[in-house]
$ cat start.txt   # compact mmCIF, C-alpha atoms
# COMPACT_ATOMS: atom_id res chain seq x y z
CA MET A 1 -15.55 20.05 -11.50
CA TYR A 2 -12.28 19.10 -9.83
CA VAL A 3 -11.55 15.40 -10.23
CA VAL A 4 -8.65 13.31 -8.91
CA VAL A 5 -8.08 10.12 -10.90
CA ILE A 6 -6.07 7.36 -9.21
CA GLY A 7 -4.38 4.89 -11.54
CA GLY A 8 -2.94 5.58 -14.97
CA GLY A 9 -3.79 2.37 -16.80
CA ASN A 10 -5.91 2.47 -19.91
CA VAL A 11 -9.09 3.28 -17.97
CA GLY A 12 -7.39 6.07 -16.02
CA PHE A 13 -5.73 7.51 -19.10
CA TYR A 14 -8.83 7.71 -21.29
CA LEU A 15 -10.99 8.87 -18.38
CA THR A 16 -8.57 11.70 -17.66
CA ARG A 17 -8.38 12.68 -21.32
CA GLU A 18 -12.15 12.73 -21.72
CA LEU A 19 -12.62 14.77 -18.54
CA LEU A 20 -10.00 17.30 -19.68
CA GLN A 21 -11.64 17.58 -23.08
CA ALA A 22 -14.98 18.18 -21.38
CA GLY A 23 -13.40 21.14 -19.58
CA HIS A 24 -12.93 19.66 -16.11
CA GLU A 25 -9.92 20.19 -13.91
CA VAL A 26 -8.15 16.84 -13.41
CA VAL A 27 -5.09 15.58 -11.55
CA MET A 28 -3.96 11.98 -11.88
CA ILE A 29 -1.88 9.95 -9.41
CA GLU A 30 0.10 7.09 -10.99
CA LYS A 31 2.59 4.96 -9.05
CA ASN A 32 4.80 3.86 -11.94
CA ALA A 33 7.23 6.72 -12.66
CA SER A 34 7.84 5.96 -16.33
CA ARG A 35 4.13 5.49 -17.05
CA ALA A 36 3.45 8.78 -15.20
CA ARG A 37 6.03 10.56 -17.39
CA GLN A 38 4.52 9.08 -20.55
CA ILE A 39 1.04 10.31 -19.58
CA ALA A 40 2.38 13.76 -18.63
CA ASP A 41 4.00 13.98 -22.07
CA GLU A 42 0.62 13.43 -23.69
CA LEU A 43 -1.77 15.23 -21.35
CA GLY A 44 0.40 17.88 -19.68
CA SER A 45 1.86 18.19 -16.19
CA ILE A 46 -1.18 16.95 -14.32
CA VAL A 47 0.35 13.72 -13.02
CA VAL A 48 1.62 13.09 -9.47
CA PRO A 49 4.08 10.20 -9.93
CA ASN A 50 3.45 8.33 -6.70
CA ASP A 51 1.27 5.99 -4.63
CA GLY A 52 -2.33 7.23 -4.76
CA CYS A 53 -3.21 5.33 -1.56
CA GLU A 54 -0.95 7.56 0.54
CA GLY A 55 -2.38 10.64 2.18
CA ARG A 56 0.55 12.92 1.41
CA TYR A 57 0.39 12.28 -2.34
CA GLN A 58 -3.37 12.73 -2.30
CA GLU A 59 -2.72 16.05 -0.58
CA MET A 60 -0.19 16.93 -3.28
CA ALA A 61 -2.90 16.20 -5.85
CA GLY A 62 -5.21 18.69 -4.11
CA MET A 63 -7.61 16.07 -2.74
CA GLY A 64 -8.78 18.57 -0.09
CA ARG A 65 -10.71 20.55 -2.71
CA ALA A 66 -11.68 17.64 -5.00
CA ASP A 67 -15.35 17.16 -5.87
CA VAL A 68 -14.82 13.59 -7.02
CA VAL A 69 -12.17 10.93 -6.62
CA ALA A 70 -12.17 8.05 -9.13
CA ALA A 71 -9.96 5.08 -8.20
CA VAL A 72 -9.61 3.03 -11.38
CA THR A 73 -6.50 0.85 -10.96
CA GLY A 74 -6.65 -2.83 -11.87
CA ASP A 75 -6.56 -3.89 -8.20
CA ASP A 76 -9.72 -3.77 -6.11
CA GLU A 77 -7.79 -3.50 -2.85
CA ASP A 78 -5.90 -0.42 -4.07
CA ASN A 79 -9.10 1.23 -5.26
CA LEU A 80 -10.79 0.54 -1.93
CA VAL A 81 -7.94 1.92 0.17
CA ALA A 82 -7.45 4.98 -2.08
CA CYS A 83 -11.15 5.87 -1.73
CA GLN A 84 -11.17 5.23 2.01
CA VAL A 85 -8.11 7.47 2.52
CA ALA A 86 -9.70 10.22 0.39
CA LYS A 87 -12.95 10.00 2.36
CA MET A 88 -11.33 9.74 5.80
CA HIS A 89 -8.63 12.39 5.47
CA PHE A 90 -10.04 14.79 2.90
CA ASN A 91 -13.81 14.37 3.17
CA VAL A 92 -14.19 14.06 -0.59
CA PRO A 93 -17.95 14.28 -1.32
CA ARG A 94 -17.98 11.54 -3.95
CA ALA A 95 -15.73 8.49 -4.24
CA ILE A 96 -16.02 6.18 -7.24
CA ALA A 97 -14.22 2.83 -7.35
CA ARG A 98 -13.62 0.47 -10.22
CA VAL A 99 -14.43 -3.05 -9.02
CA ASN A 100 -13.07 -6.05 -10.89
CA ASN A 101 -14.59 -8.78 -8.75
CA PRO A 102 -18.34 -7.98 -8.93
CA LYS A 103 -18.85 -9.60 -5.52
CA ASN A 104 -16.86 -6.72 -4.00
CA GLU A 105 -19.48 -4.13 -4.98
CA ALA A 106 -21.63 -4.77 -1.92
CA LEU A 107 -18.62 -4.59 0.41
CA PHE A 108 -17.44 -1.31 -1.12
CA ARG A 109 -20.90 0.27 -0.71
CA GLN A 110 -20.98 -0.88 2.87
CA LEU A 111 -17.62 0.82 3.43
CA ALA A 112 -18.99 4.20 2.31
CA ILE A 113 -17.72 4.19 -1.26
CA ASP A 114 -20.39 6.23 -3.08
CA ASP A 115 -20.32 4.53 -6.46
CA THR A 116 -18.86 1.35 -7.85
CA VAL A 117 -18.38 0.45 -11.47
CA SER A 118 -17.80 -3.17 -12.38
CA PRO A 119 -16.77 -3.82 -15.98
CA THR A 120 -17.08 -7.52 -15.20
CA ARG A 121 -20.73 -7.14 -14.24
CA THR A 122 -21.44 -5.01 -17.30
CA ILE A 123 -19.96 -7.56 -19.68
CA LEU A 124 -21.73 -10.33 -17.80
CA GLY A 125 -25.00 -8.45 -18.29
CA VAL A 126 -24.40 -8.11 -22.02
CA ILE A 127 -23.64 -11.81 -22.37
CA GLU A 128 -26.66 -12.84 -20.31
CA HIS A 129 -28.86 -10.71 -22.57
CA GLU A 130 -27.72 -12.75 -25.55
CA ILE A 131 -28.60 -16.15 -24.15
CA PRO A 132 -31.95 -17.45 -22.91
CA MET A 133 -32.39 -16.60 -19.27
CA HIS A 134 -33.93 -18.69 -16.60
CA ASP A 135 -33.03 -16.39 -13.80
CA LEU A 136 -33.31 -12.82 -12.63
CA LEU A 137 -30.75 -10.55 -14.22
CA HIS A 138 -29.16 -8.06 -11.84
CA LEU A 139 -29.02 -4.69 -13.56
CA ALA A 140 -27.88 -2.37 -10.81
CA GLU A 141 -27.63 -1.94 -7.09
CA LEU A 142 -29.24 1.19 -5.74
CA GLU A 143 -27.39 3.66 -3.59
CA GLY A 144 -27.62 3.01 0.09
CA GLY A 145 -27.53 -0.71 -0.52
CA GLY A 146 -30.21 -3.28 0.11
CA LEU A 147 -32.24 -2.58 -3.03
CA GLU A 148 -31.50 -3.69 -6.56
CA ILE A 149 -33.01 -3.42 -10.01
CA VAL A 150 -33.59 -6.83 -11.61
CA GLU A 151 -34.93 -7.95 -14.95
CA ALA A 152 -37.07 -11.04 -15.46
CA GLN A 153 -37.77 -12.57 -18.84
CA ILE A 154 -41.41 -13.70 -19.07
CA THR A 155 -41.68 -16.85 -21.18
CA ALA A 156 -44.60 -19.05 -22.25
CA ASP A 157 -43.98 -21.38 -19.31
CA SER A 158 -43.61 -18.60 -16.77
CA PRO A 159 -46.18 -19.00 -13.93
CA VAL A 160 -47.37 -15.37 -14.44
CA VAL A 161 -47.76 -15.30 -18.23
CA GLY A 162 -51.26 -14.09 -19.22
CA ARG A 163 -51.95 -12.65 -15.75
CA GLU A 164 -52.56 -9.05 -14.78
CA LEU A 165 -50.08 -7.34 -12.45
CA ARG A 166 -52.79 -6.85 -9.77
CA ASP A 167 -53.13 -10.64 -9.50
CA ILE A 168 -49.46 -11.21 -8.79
CA PRO A 169 -48.75 -11.27 -5.04
CA LEU A 170 -45.40 -9.50 -5.03
CA PRO A 171 -43.20 -9.92 -1.96
CA ASP A 172 -43.05 -7.01 0.52
CA GLY A 173 -40.75 -4.21 -0.58
CA THR A 174 -40.85 -5.24 -4.23
CA SER A 175 -42.25 -3.03 -6.96
CA VAL A 176 -42.59 -3.46 -10.72
CA ALA A 177 -41.06 -0.46 -12.51
CA VAL A 178 -41.88 -1.06 -16.15
CA ILE A 179 -42.54 -3.80 -18.71
CA LEU A 180 -40.41 -3.85 -21.85
CA ARG A 181 -42.33 -5.26 -24.80
CA GLY A 182 -40.33 -5.32 -28.03
CA SER A 183 -38.92 -1.83 -28.26
CA ARG A 184 -41.78 -0.30 -26.23
CA ALA A 185 -41.91 0.54 -22.56
CA VAL A 186 -45.32 -0.44 -21.14
CA PRO A 187 -46.28 1.27 -17.86
CA ALA A 188 -46.72 -1.11 -14.94
CA ARG A 189 -50.44 -0.57 -14.19
CA PRO A 190 -52.59 -2.95 -12.14
CA GLU A 191 -54.40 -4.06 -15.32
CA THR A 192 -51.21 -4.57 -17.37
CA ARG A 193 -51.25 -8.16 -18.60
CA LEU A 194 -47.96 -10.05 -18.97
CA THR A 195 -47.29 -11.80 -22.27
CA ASP A 196 -44.65 -14.15 -23.62
CA GLY A 197 -41.48 -12.24 -24.48
CA ASP A 198 -42.04 -9.40 -21.97
CA ARG A 199 -39.14 -8.26 -19.90
CA MET A 200 -40.12 -6.99 -16.47
CA LEU A 201 -37.93 -4.51 -14.61
CA ALA A 202 -38.53 -4.63 -10.88
CA ILE A 203 -37.00 -3.14 -7.78
CA THR A 204 -36.55 -5.63 -4.98
CA SER A 205 -34.54 -6.33 -1.87
CA ALA A 206 -32.17 -9.17 -1.18
CA ASP A 207 -34.89 -10.68 1.06
CA GLY A 208 -37.64 -10.42 -1.55
CA GLU A 209 -35.56 -11.67 -4.45
CA PRO A 210 -35.94 -15.46 -4.00
CA GLU A 211 -39.72 -15.15 -3.70
CA LEU A 212 -39.86 -12.87 -6.77
CA ARG A 213 -37.82 -15.40 -8.76
CA ARG A 214 -40.18 -18.20 -7.70
CA LEU A 215 -43.24 -16.12 -8.71
CA LEU A 216 -41.98 -15.01 -12.10
CA ILE A 217 -39.77 -17.85 -13.26
CA GLY A 218 -40.99 -20.83 -11.28
CA ASP A 219 -39.10 -23.41 -9.27
CA MET B 1 -10.33 -21.28 18.66
CA ARG B 2 -10.75 -21.14 14.87
CA VAL B 3 -8.14 -18.98 13.18
CA ILE B 4 -7.75 -18.00 9.53
CA ILE B 5 -4.36 -16.67 8.44
CA ILE B 6 -4.14 -14.92 5.07
CA GLY B 7 -0.61 -14.96 3.65
CA CYS B 8 1.81 -17.81 4.25
CA GLY B 9 5.03 -15.79 4.24
CA ARG B 10 7.54 -16.03 7.10
CA VAL B 11 5.24 -14.26 9.55
CA GLY B 12 2.08 -16.08 8.47
CA ALA B 13 3.72 -19.51 8.50
CA ALA B 14 5.36 -18.98 11.90
CA THR B 15 2.08 -17.75 13.40
CA ALA B 16 0.19 -20.70 11.89
CA VAL B 17 2.68 -23.17 13.36
CA ALA B 18 2.59 -21.57 16.81
CA LEU B 19 -1.23 -21.58 16.95
CA ASP B 20 -1.44 -25.11 15.51
CA LYS B 21 0.93 -26.35 18.23
CA ARG B 22 -1.30 -24.68 20.82
CA GLY B 23 -4.21 -26.76 19.56
CA ASP B 24 -6.15 -24.08 17.65
CA HIS B 25 -7.99 -24.91 14.42
CA VAL B 26 -5.82 -23.10 11.85
CA THR B 27 -6.53 -22.43 8.16
CA VAL B 28 -3.85 -20.74 6.06
CA ILE B 29 -4.68 -19.07 2.72
CA ASP B 30 -2.06 -18.12 0.16
CA ILE B 31 -2.26 -17.36 -3.54
CA ASP B 32 0.98 -19.25 -4.18
CA GLU B 33 1.02 -23.00 -3.53
CA HIS B 34 4.81 -22.94 -3.01
CA ALA B 35 4.35 -20.71 0.04
CA PHE B 36 2.97 -23.71 1.96
CA ALA B 37 6.47 -25.26 1.81
CA ARG B 38 7.22 -22.95 4.77
CA LEU B 39 4.92 -25.11 6.92
CA PRO B 40 6.57 -28.11 8.61
CA THR B 41 5.36 -31.64 7.86
CA ASP B 42 3.77 -31.96 11.29
CA TYR B 43 1.51 -28.92 10.71
CA SER B 44 -1.98 -30.33 11.20
CA GLY B 45 -4.08 -27.38 10.03
CA VAL B 46 -5.77 -26.64 6.69
CA THR B 47 -4.20 -24.92 3.68
CA ILE B 48 -6.21 -23.24 0.92
CA ARG B 49 -4.73 -21.90 -2.30
CA GLY B 50 -6.53 -18.70 -3.28
CA ASN B 51 -6.83 -14.95 -3.00
CA GLY B 52 -7.68 -13.91 0.57
CA THR B 53 -9.47 -10.77 -0.65
CA ASP B 54 -11.95 -12.93 -2.59
CA GLU B 55 -15.26 -13.52 -0.80
CA ASP B 56 -15.62 -17.01 -2.33
CA VAL B 57 -12.20 -18.06 -1.07
CA LEU B 58 -12.95 -16.82 2.44
CA ARG B 59 -16.27 -18.69 2.33
CA SER B 60 -14.48 -21.92 1.40
CA ALA B 61 -12.27 -21.30 4.44
CA GLU B 62 -15.48 -21.12 6.54
CA ALA B 63 -14.79 -17.53 7.53
CA GLU B 64 -18.29 -17.22 9.04
CA MET B 65 -17.18 -19.70 11.72
CA ALA B 66 -13.84 -18.05 12.46
CA ASP B 67 -13.06 -16.45 15.83
CA ILE B 68 -10.19 -14.45 14.41
CA VAL B 69 -8.81 -13.60 10.98
CA MET B 70 -5.28 -12.29 10.52
CA ALA B 71 -4.30 -10.65 7.24
CA LEU B 72 -0.53 -11.01 6.97
CA THR B 73 0.34 -10.74 3.28
CA GLU B 74 3.05 -8.43 1.97
CA GLY B 75 0.53 -5.84 0.73
CA ASP B 76 -0.90 -3.28 3.16
CA ASN B 77 -3.93 -2.67 0.93
CA ARG B 78 -4.61 -6.37 0.45
CA ASN B 79 -4.51 -6.84 4.21
CA ALA B 80 -6.80 -3.86 4.82
CA MET B 81 -9.32 -5.19 2.33
CA ALA B 82 -9.19 -8.83 3.46
CA ALA B 83 -9.66 -7.73 7.08
CA GLN B 84 -12.65 -5.53 6.24
CA LEU B 85 -14.18 -8.31 4.15
CA ALA B 86 -13.86 -10.72 7.07
CA LYS B 87 -15.31 -8.19 9.50
CA HIS B 88 -18.20 -6.81 7.45
CA VAL B 89 -19.25 -9.68 5.18
CA PHE B 90 -18.54 -12.64 7.46
CA GLY B 91 -18.97 -10.92 10.83
CA VAL B 92 -15.71 -12.26 12.22
CA PRO B 93 -15.44 -10.97 15.81
CA ARG B 94 -11.72 -10.15 15.69
CA VAL B 95 -9.58 -9.21 12.71
CA ILE B 96 -5.94 -8.18 12.75
CA ALA B 97 -4.32 -6.59 9.70
CA LYS B 98 -0.58 -6.22 9.17
CA ILE B 99 -0.19 -2.66 7.89
CA ASN B 100 3.41 -1.52 7.69
CA ASP B 101 2.68 2.10 6.80
CA PRO B 102 2.17 3.70 10.25
CA LEU B 103 -0.18 6.41 8.94
CA ARG B 104 -2.43 3.95 7.17
CA ALA B 105 -2.36 1.67 10.23
CA SER B 106 -3.64 4.43 12.51
CA ALA B 107 -6.37 5.31 9.99
CA TYR B 108 -7.63 1.74 9.91
CA ARG B 109 -7.70 1.49 13.69
CA THR B 110 -10.30 4.26 13.58
CA LEU B 111 -12.34 1.96 11.31
CA GLY B 112 -12.38 -0.81 13.89
CA LEU B 113 -9.47 -2.99 12.78
CA GLU B 114 -6.69 -4.20 15.01
CA THR B 115 -3.39 -3.49 13.27
CA ILE B 116 0.17 -4.61 13.63
CA CYS B 117 2.83 -2.38 12.11
CA ARG B 118 6.29 -3.82 11.54
CA THR B 119 7.77 -0.35 11.08
CA ASN B 120 6.63 0.79 14.54
CA ILE B 121 7.58 -2.46 16.29
CA LEU B 122 11.08 -2.63 14.84
CA SER B 123 11.90 1.05 15.23
CA GLU B 124 10.75 1.11 18.86
CA ALA B 125 12.70 -2.06 19.69
CA LEU B 126 15.85 -0.74 18.01
CA ALA B 127 15.64 2.63 19.71
CA THR B 128 15.21 0.89 23.08
CA ALA B 129 18.10 -1.51 22.39
CA ALA B 130 20.38 1.38 21.45
CA ALA B 131 19.57 3.39 24.57
CA GLU B 132 19.05 0.72 27.25
CA GLY B 133 20.51 -2.51 25.85
CA ALA B 134 19.00 -5.57 24.25
CA ALA B 135 17.69 -6.94 27.57
CA ALA B 136 15.30 -3.97 27.88
CA THR B 137 13.45 -4.89 24.68
CA ASN B 138 11.63 -7.88 26.17
CA GLY B 139 13.30 -10.35 23.82
CA MET B 140 12.64 -8.39 20.63
CA VAL B 141 16.35 -7.62 20.21
CA GLU B 142 18.29 -10.68 21.32
CA GLU B 143 21.80 -10.85 22.74
CA PRO B 144 24.46 -13.04 21.11
CA THR B 145 24.59 -16.62 22.34
CA ALA B 146 28.33 -17.08 21.74
CA GLU B 147 31.50 -14.98 21.73
CA PRO B 148 32.46 -13.69 18.30
CA MET B 149 35.33 -15.47 16.56
CA ARG B 150 38.65 -13.90 17.49
CA GLY B 151 40.09 -11.39 15.08
CA VAL B 152 42.29 -8.33 15.33
CA PRO B 153 40.16 -5.29 16.15
CA PRO B 154 40.61 -2.45 13.63
CA ALA B 155 43.18 0.17 14.67
CA GLY B 156 41.64 3.07 16.57
CA SER B 157 38.34 1.21 17.15
CA ARG B 158 36.67 1.06 20.54
CA ALA B 159 37.15 -2.72 20.56
CA GLU B 160 40.94 -2.27 20.19
CA ALA B 161 41.13 -0.54 23.57
CA VAL B 162 39.62 -3.63 25.21
CA ALA B 163 42.03 -5.99 23.41
CA GLU B 164 45.05 -3.83 24.39
CA ALA B 165 43.97 -3.78 28.01
CA ALA B 166 43.75 -7.59 27.97
CA VAL B 167 47.29 -7.88 26.57
CA ALA B 168 48.60 -5.37 29.12
CA GLU B 169 46.96 -7.39 31.90
CA ASP B 170 48.57 -10.60 30.67
CA GLU B 171 51.97 -8.93 30.57
CA GLY B 172 51.51 -7.54 34.07
CA THR B 173 51.72 -3.90 32.99
CA ALA B 174 48.09 -3.28 33.98
CA GLU B 175 45.97 -4.05 37.06
CA PRO B 176 43.86 -7.24 36.82
CA GLY B 177 40.30 -6.29 35.82
CA THR B 178 41.32 -3.45 33.52
CA ALA B 179 40.17 -5.33 30.41
CA GLU B 180 36.89 -6.29 32.07
CA ARG B 181 36.19 -2.67 32.97
CA ALA B 182 37.07 -1.58 29.44
CA ALA B 183 34.70 -4.21 28.01
CA GLU B 184 31.94 -3.12 30.39
CA ALA B 185 32.46 0.49 29.41
CA LEU B 186 32.22 -0.51 25.78
CA ALA B 187 28.96 -2.42 26.35
CA THR B 188 27.18 0.25 28.41
CA ASP B 189 28.65 3.52 27.11
CA PRO B 190 26.18 4.71 24.50
CA GLY B 191 29.05 6.33 22.56
CA GLU B 192 29.54 9.81 21.19
CA GLU B 193 26.06 10.04 19.74
CA GLY B 194 24.40 9.06 23.02
$ encode --input "start.txt" --output "structure tokens"
Amino acid sequence: MYVVVIGGGNVGFYLTRELLQAGHEVVMIEKNASRARQIADELGSIVVPNDGCEGRYQEMAGMGRADVVAAVTGDDEDNLVACQVAKMHFNVPRAIARVNNPKNEALFRQLAIDDTVSPTRTILGVIEHEIPMHDLLHLAELEGGGLEIVEAQITADSPVVGRELRDIPLPDGTSVAVILRGSRAVPARPETRLTDGDRMLAITSADGEPELRRLLIGD
Amino acid sequence: MRVIIIGCGRVGAATAVALDKRGDHVTVIDIDEHAFARLPTDYSGVTIRGNGTDEDVLRSAEAEMADIVMALTEGDNRNAMAAQLAKHVFGVPRVIAKINDPLRASAYRTLGLETICRTNILSEALATAAAEGAAATNGMVEEPTAEPMRGVPPAGSRAEAVAEAAVAEDEGTAEPGTAERAAEALATDPGEEG
């Protein structure tokens, strides 16, 4: 695959190195000239030492034939603009943006960025797994927007504990994917009964989410 | 009209003051508290310290009620993102982004943003001023309001010819009006390049 990486910070550097080691063709665009030289010394002459948001440097990096662009600088606005320029001018099939402020993920999807990766959200998810939850945990947003995968912890005082899935009036557009019980994945069948300690993975929409939270966790 | 201005630099502050004077409801956002020192004491609008590309900050500025959002920071990308956030997340009817890179500005117009590009405005005004004079630029290039302080024009310069004609006139060795014609020629003749 031909990949253009925008931003030569730590994320960009290790991403580029891993992709090269996996046998992909990679060009990086890094604005800071001395950082660009340093990376070229280590990885070879695959670095365009300029502003990755500008069309002419993207062209220099061969964006026209890229399969993927990954914008991974530390600034959301630069990642957004770099992806938009790559999409608009070079029709790159897949644009991936690093998103620092997790609230920007929805905006980026709406603006035709194919994939977003938010380290903030990932770390947040890990932390929230460690502490007792009284809320739905957002695991991922699905492509196309609108739908998301959420996790609900079923506790002894949950309104649905001890009930079968067929008795739970899920909101429209919401579907239970699987129940995690200990280290086992229990299929979500109509007769599956929820017990204390279960974790339910469900797919829901922004509209259905408040009702789902009320059903599973209570008011 | 409710206006949100992102970036309280010279342009943002001057725009905020002008709209505030006109009676609009103005909110200025800047990441640096010191930037608000550019606003005069009689500015009656709102100031918010924060990042204008942050949804939460725009919400605290009541962006969903705004009639127009102007993104006027020093960063083209910041302005492009703030403007798109205002348009797509808050549904602001009009957004204007300052984008000084002409290529990027034209790309964002195709995505439904109004843009203002300092590079284009200044270069057009300067080209017009050079060819047709300051008056033709509609006030963008302004004429001097006072005569320059007197000095001796450099030898061989175009200004020296005017000064010599004035001296010759005073001494009676040239027709009256010679200096005036020389000055006029200097002001309107576009020079060797023209």
$ atom_distance --input "start.txt" --atom1 "CA of Cys53 in chain A" --atom2 "CA of Asn32 in chain A"
13.2 Å
$ residues_near_point --input "start.txt" --point "(-6.0, -5.0, -1.4)" --cutoff "7 Å" --atoms "only C-alpha atoms" --output "PyMOL selection string"
(chain A and resi 75-78) or (chain B and resi 53+75+77-82)
$ closest_atom_pairs --input "start.txt" --of "chain A" --to "chain B" --cutoff "12 Å" --atoms "all atoms listed in the file" --output "JSON lines"
{"residue": "A:Asp51", "atom": "CA", "partner": "B:Asn77", "partner_atom": "CA", "distance": 11.5}
{"residue": "A:Gly52", "atom": "CA", "partner": "B:Asn77", "partner_atom": "CA", "distance": 11.5}
{"residue": "A:Cys53", "atom": "CA", "partner": "B:Asn77", "partner_atom": "CA", "distance": 8.4}
{"residue": "A:Glu54", "atom": "CA", "partner": "B:Arg104", "partner_atom": "CA", "distance": 7.7}
{"residue": "A:Gly55", "atom": "CA", "partner": "B:Leu103", "partner_atom": "CA", "distance": 8.3}
{"residue": "A:Arg56", "atom": "CA", "partner": "B:Leu103", "partner_atom": "CA", "distance": 10.0}
{"residue": "A:Asp75", "atom": "CA", "partner": "B:Arg78", "partner_atom": "CA", "distance": 9.2}
{"residue": "A:Asp76", "atom": "CA", "partner": "B:Met81", "partner_atom": "CA", "distance": 8.6}
{"residue": "A:Glu77", "atom": "CA", "partner": "B:Arg78", "partner_atom": "CA", "distance": 5.4}
{"residue": "A:Asp78", "atom": "CA", "partner": "B:Asn77", "partner_atom": "CA", "distance": 5.8}
{"residue": "A:Asn79", "atom": "CA", "partner": "B:Asn77", "partner_atom": "CA", "distance": 9.0}
{"residue": "A:Leu80", "atom": "CA", "partner": "B:Met81", "partner_atom": "CA", "distance": 7.3}
{"residue": "A:Val81", "atom": "CA", "partner": "B:Asn77", "partner_atom": "CA", "distance": 6.1}
{"residue": "A:Ala82", "atom": "CA", "partner": "B:Asn77", "partner_atom": "CA", "distance": 8.9}
{"residue": "A:Cys83", "atom": "CA", "partner": "B:Asn77", "partner_atom": "CA", "distance": 11.5}
{"residue": "A:Gln84", "atom": "CA", "partner": "B:Ala107", "partner_atom": "CA", "distance": 9.3}
{"residue": "A:Val85", "atom": "CA", "partner": "B:Ala107", "partner_atom": "CA", "distance": 8.0}
{"residue": "A:Ala86", "atom": "CA", "partner": "B:Ala107", "partner_atom": "CA", "distance": 11.3}
{"residue": "A:Lys87", "atom": "CA", "partner": "B:Ala107", "partner_atom": "CA", "distance": 11.1}
{"residue": "A:Met88", "atom": "CA", "partner": "B:Ala107", "partner_atom": "CA", "distance": 7.9}
{"residue": "A:His89", "atom": "CA", "partner": "B:Ala107", "partner_atom": "CA", "distance": 8.7}
{"residue": "A:Asn100", "atom": "CA", "partner": "B:Asp54", "partner_atom": "CA", "distance": 10.8}
{"residue": "A:Asn101", "atom": "CA", "partner": "B:Asp54", "partner_atom": "CA", "distance": 7.9}
{"residue": "A:Pro102", "atom": "CA", "partner": "B:Asp54", "partner_atom": "CA", "distance": 10.3}
{"residue": "A:Lys103", "atom": "CA", "partner": "B:Glu55", "partner_atom": "CA", "distance": 7.1}
{"residue": "A:Asn104", "atom": "CA", "partner": "B:Glu55", "partner_atom": "CA", "distance": 7.7}
{"residue": "A:Glu105", "atom": "CA", "partner": "B:Glu55", "partner_atom": "CA", "distance": 11.1}
{"residue": "A:Ala106", "atom": "CA", "partner": "B:Val89", "partner_atom": "CA", "distance": 9.0}
{"residue": "A:Leu107", "atom": "CA", "partner": "B:Leu85", "partner_atom": "CA", "distance": 6.9}
{"residue": "A:Phe108", "atom": "CA", "partner": "B:Leu85", "partner_atom": "CA", "distance": 9.3}
{"residue": "A:Arg109", "atom": "CA", "partner": "B:His88", "partner_atom": "CA", "distance": 11.1}
{"residue": "A:Gln110", "atom": "CA", "partner": "B:His88", "partner_atom": "CA", "distance": 8.0}
{"residue": "A:Leu111", "atom": "CA", "partner": "B:Gln84", "partner_atom": "CA", "distance": 8.5}
{"residue": "A:Ala112", "atom": "CA", "partner": "B:Leu111", "partner_atom": "CA", "distance": 11.4}
$ residues_around --input "start.txt" --residues "Asp115 in chain A" --least-positions-apart "6" --cutoff "7 Å" --atoms "only C-alpha atoms" --output "ChimeraX atom specification"
/A:95-97
$ write_last_selection --input "start.txt" --atoms "C-alpha atoms" --output "PDB file, in the frame of the given file"
ATOM      1  CA  ALA A  95     -15.730   8.490  -4.240  1.00  0.00           C
ATOM      2  CA  ILE A  96     -16.020   6.180  -7.240  1.00  0.00           C
ATOM      3  CA  ALA A  97     -14.220   2.830  -7.350  1.00  0.00           C
TER       4      ALA A  97
END
$ residues_around --input "start.txt" --residues "Arg213 in chain A" --least-positions-apart "3" --cutoff "12 Å" --atoms "all atoms listed in the file" --output "PyMOL selection string"
chain A and resi 133-138+150-154+158-160+170-171+174+200+202+204-210+216-219
$ residues_around --input "start.txt" --residues "Arg181 in chain A" --least-positions-apart "2" --cutoff "6 Å" --atoms "all atoms listed in the file" --output "ChimeraX atom specification"
/A:183-184,198
$ atom_distance --input "start.txt" --atom1 "CA of Tyr2 in chain A" --atom2 "CA of Thr16 in chain A"
11.4 Å
$ residues_near_point --input "start.txt" --point "(-10.1, 2.7, -15.6)" --cutoff "12 Å" --atoms "only C-alpha atoms" --output "compact mmCIF listing (two decimals) with C-alpha atoms, in the coordinates of the input"
# COMPACT_ATOMS: atom_id res chain seq x y z
CA VAL A 5 -8.08 10.12 -10.90
CA ILE A 6 -6.07 7.36 -9.21
CA GLY A 7 -4.38 4.89 -11.54
CA GLY A 8 -2.94 5.58 -14.97
CA GLY A 9 -3.79 2.37 -16.80
CA ASN A 10 -5.91 2.47 -19.91
CA VAL A 11 -9.09 3.28 -17.97
CA GLY A 12 -7.39 6.07 -16.02
CA PHE A 13 -5.73 7.51 -19.10
CA TYR A 14 -8.83 7.71 -21.29
CA LEU A 15 -10.99 8.87 -18.38
CA THR A 16 -8.57 11.70 -17.66
CA ARG A 17 -8.38 12.68 -21.32
CA GLU A 18 -12.15 12.73 -21.72
CA MET A 28 -3.96 11.98 -11.88
CA ALA A 70 -12.17 8.05 -9.13
CA ALA A 71 -9.96 5.08 -8.20
CA VAL A 72 -9.61 3.03 -11.38
CA THR A 73 -6.50 0.85 -10.96
CA GLY A 74 -6.65 -2.83 -11.87
CA ASP A 75 -6.56 -3.89 -8.20
CA ASP A 76 -9.72 -3.77 -6.11
CA ASN A 79 -9.10 1.23 -5.26
CA ILE A 96 -16.02 6.18 -7.24
CA ALA A 97 -14.22 2.83 -7.35
CA ARG A 98 -13.62 0.47 -10.22
CA VAL A 99 -14.43 -3.05 -9.02
CA ASN A 100 -13.07 -6.05 -10.89
CA THR A 116 -18.86 1.35 -7.85
CA VAL A 117 -18.38 0.45 -11.47
CA SER A 118 -17.80 -3.17 -12.38
CA PRO A 119 -16.77 -3.82 -15.98
$ closest_residue --input "start.txt" --among "A:Ala156, A:Leu180, A:Leu165, A:Val4" --to "Arg94 in chain A" --atoms "all atoms listed in the file"
A:Val4
$ closest_residue --input "start.txt" --among "B:Val141, B:Ala174, B:Ala63, B:Ile121" --to "Pro102 in chain B" --atoms "only C-alpha atoms"
B:Ile121
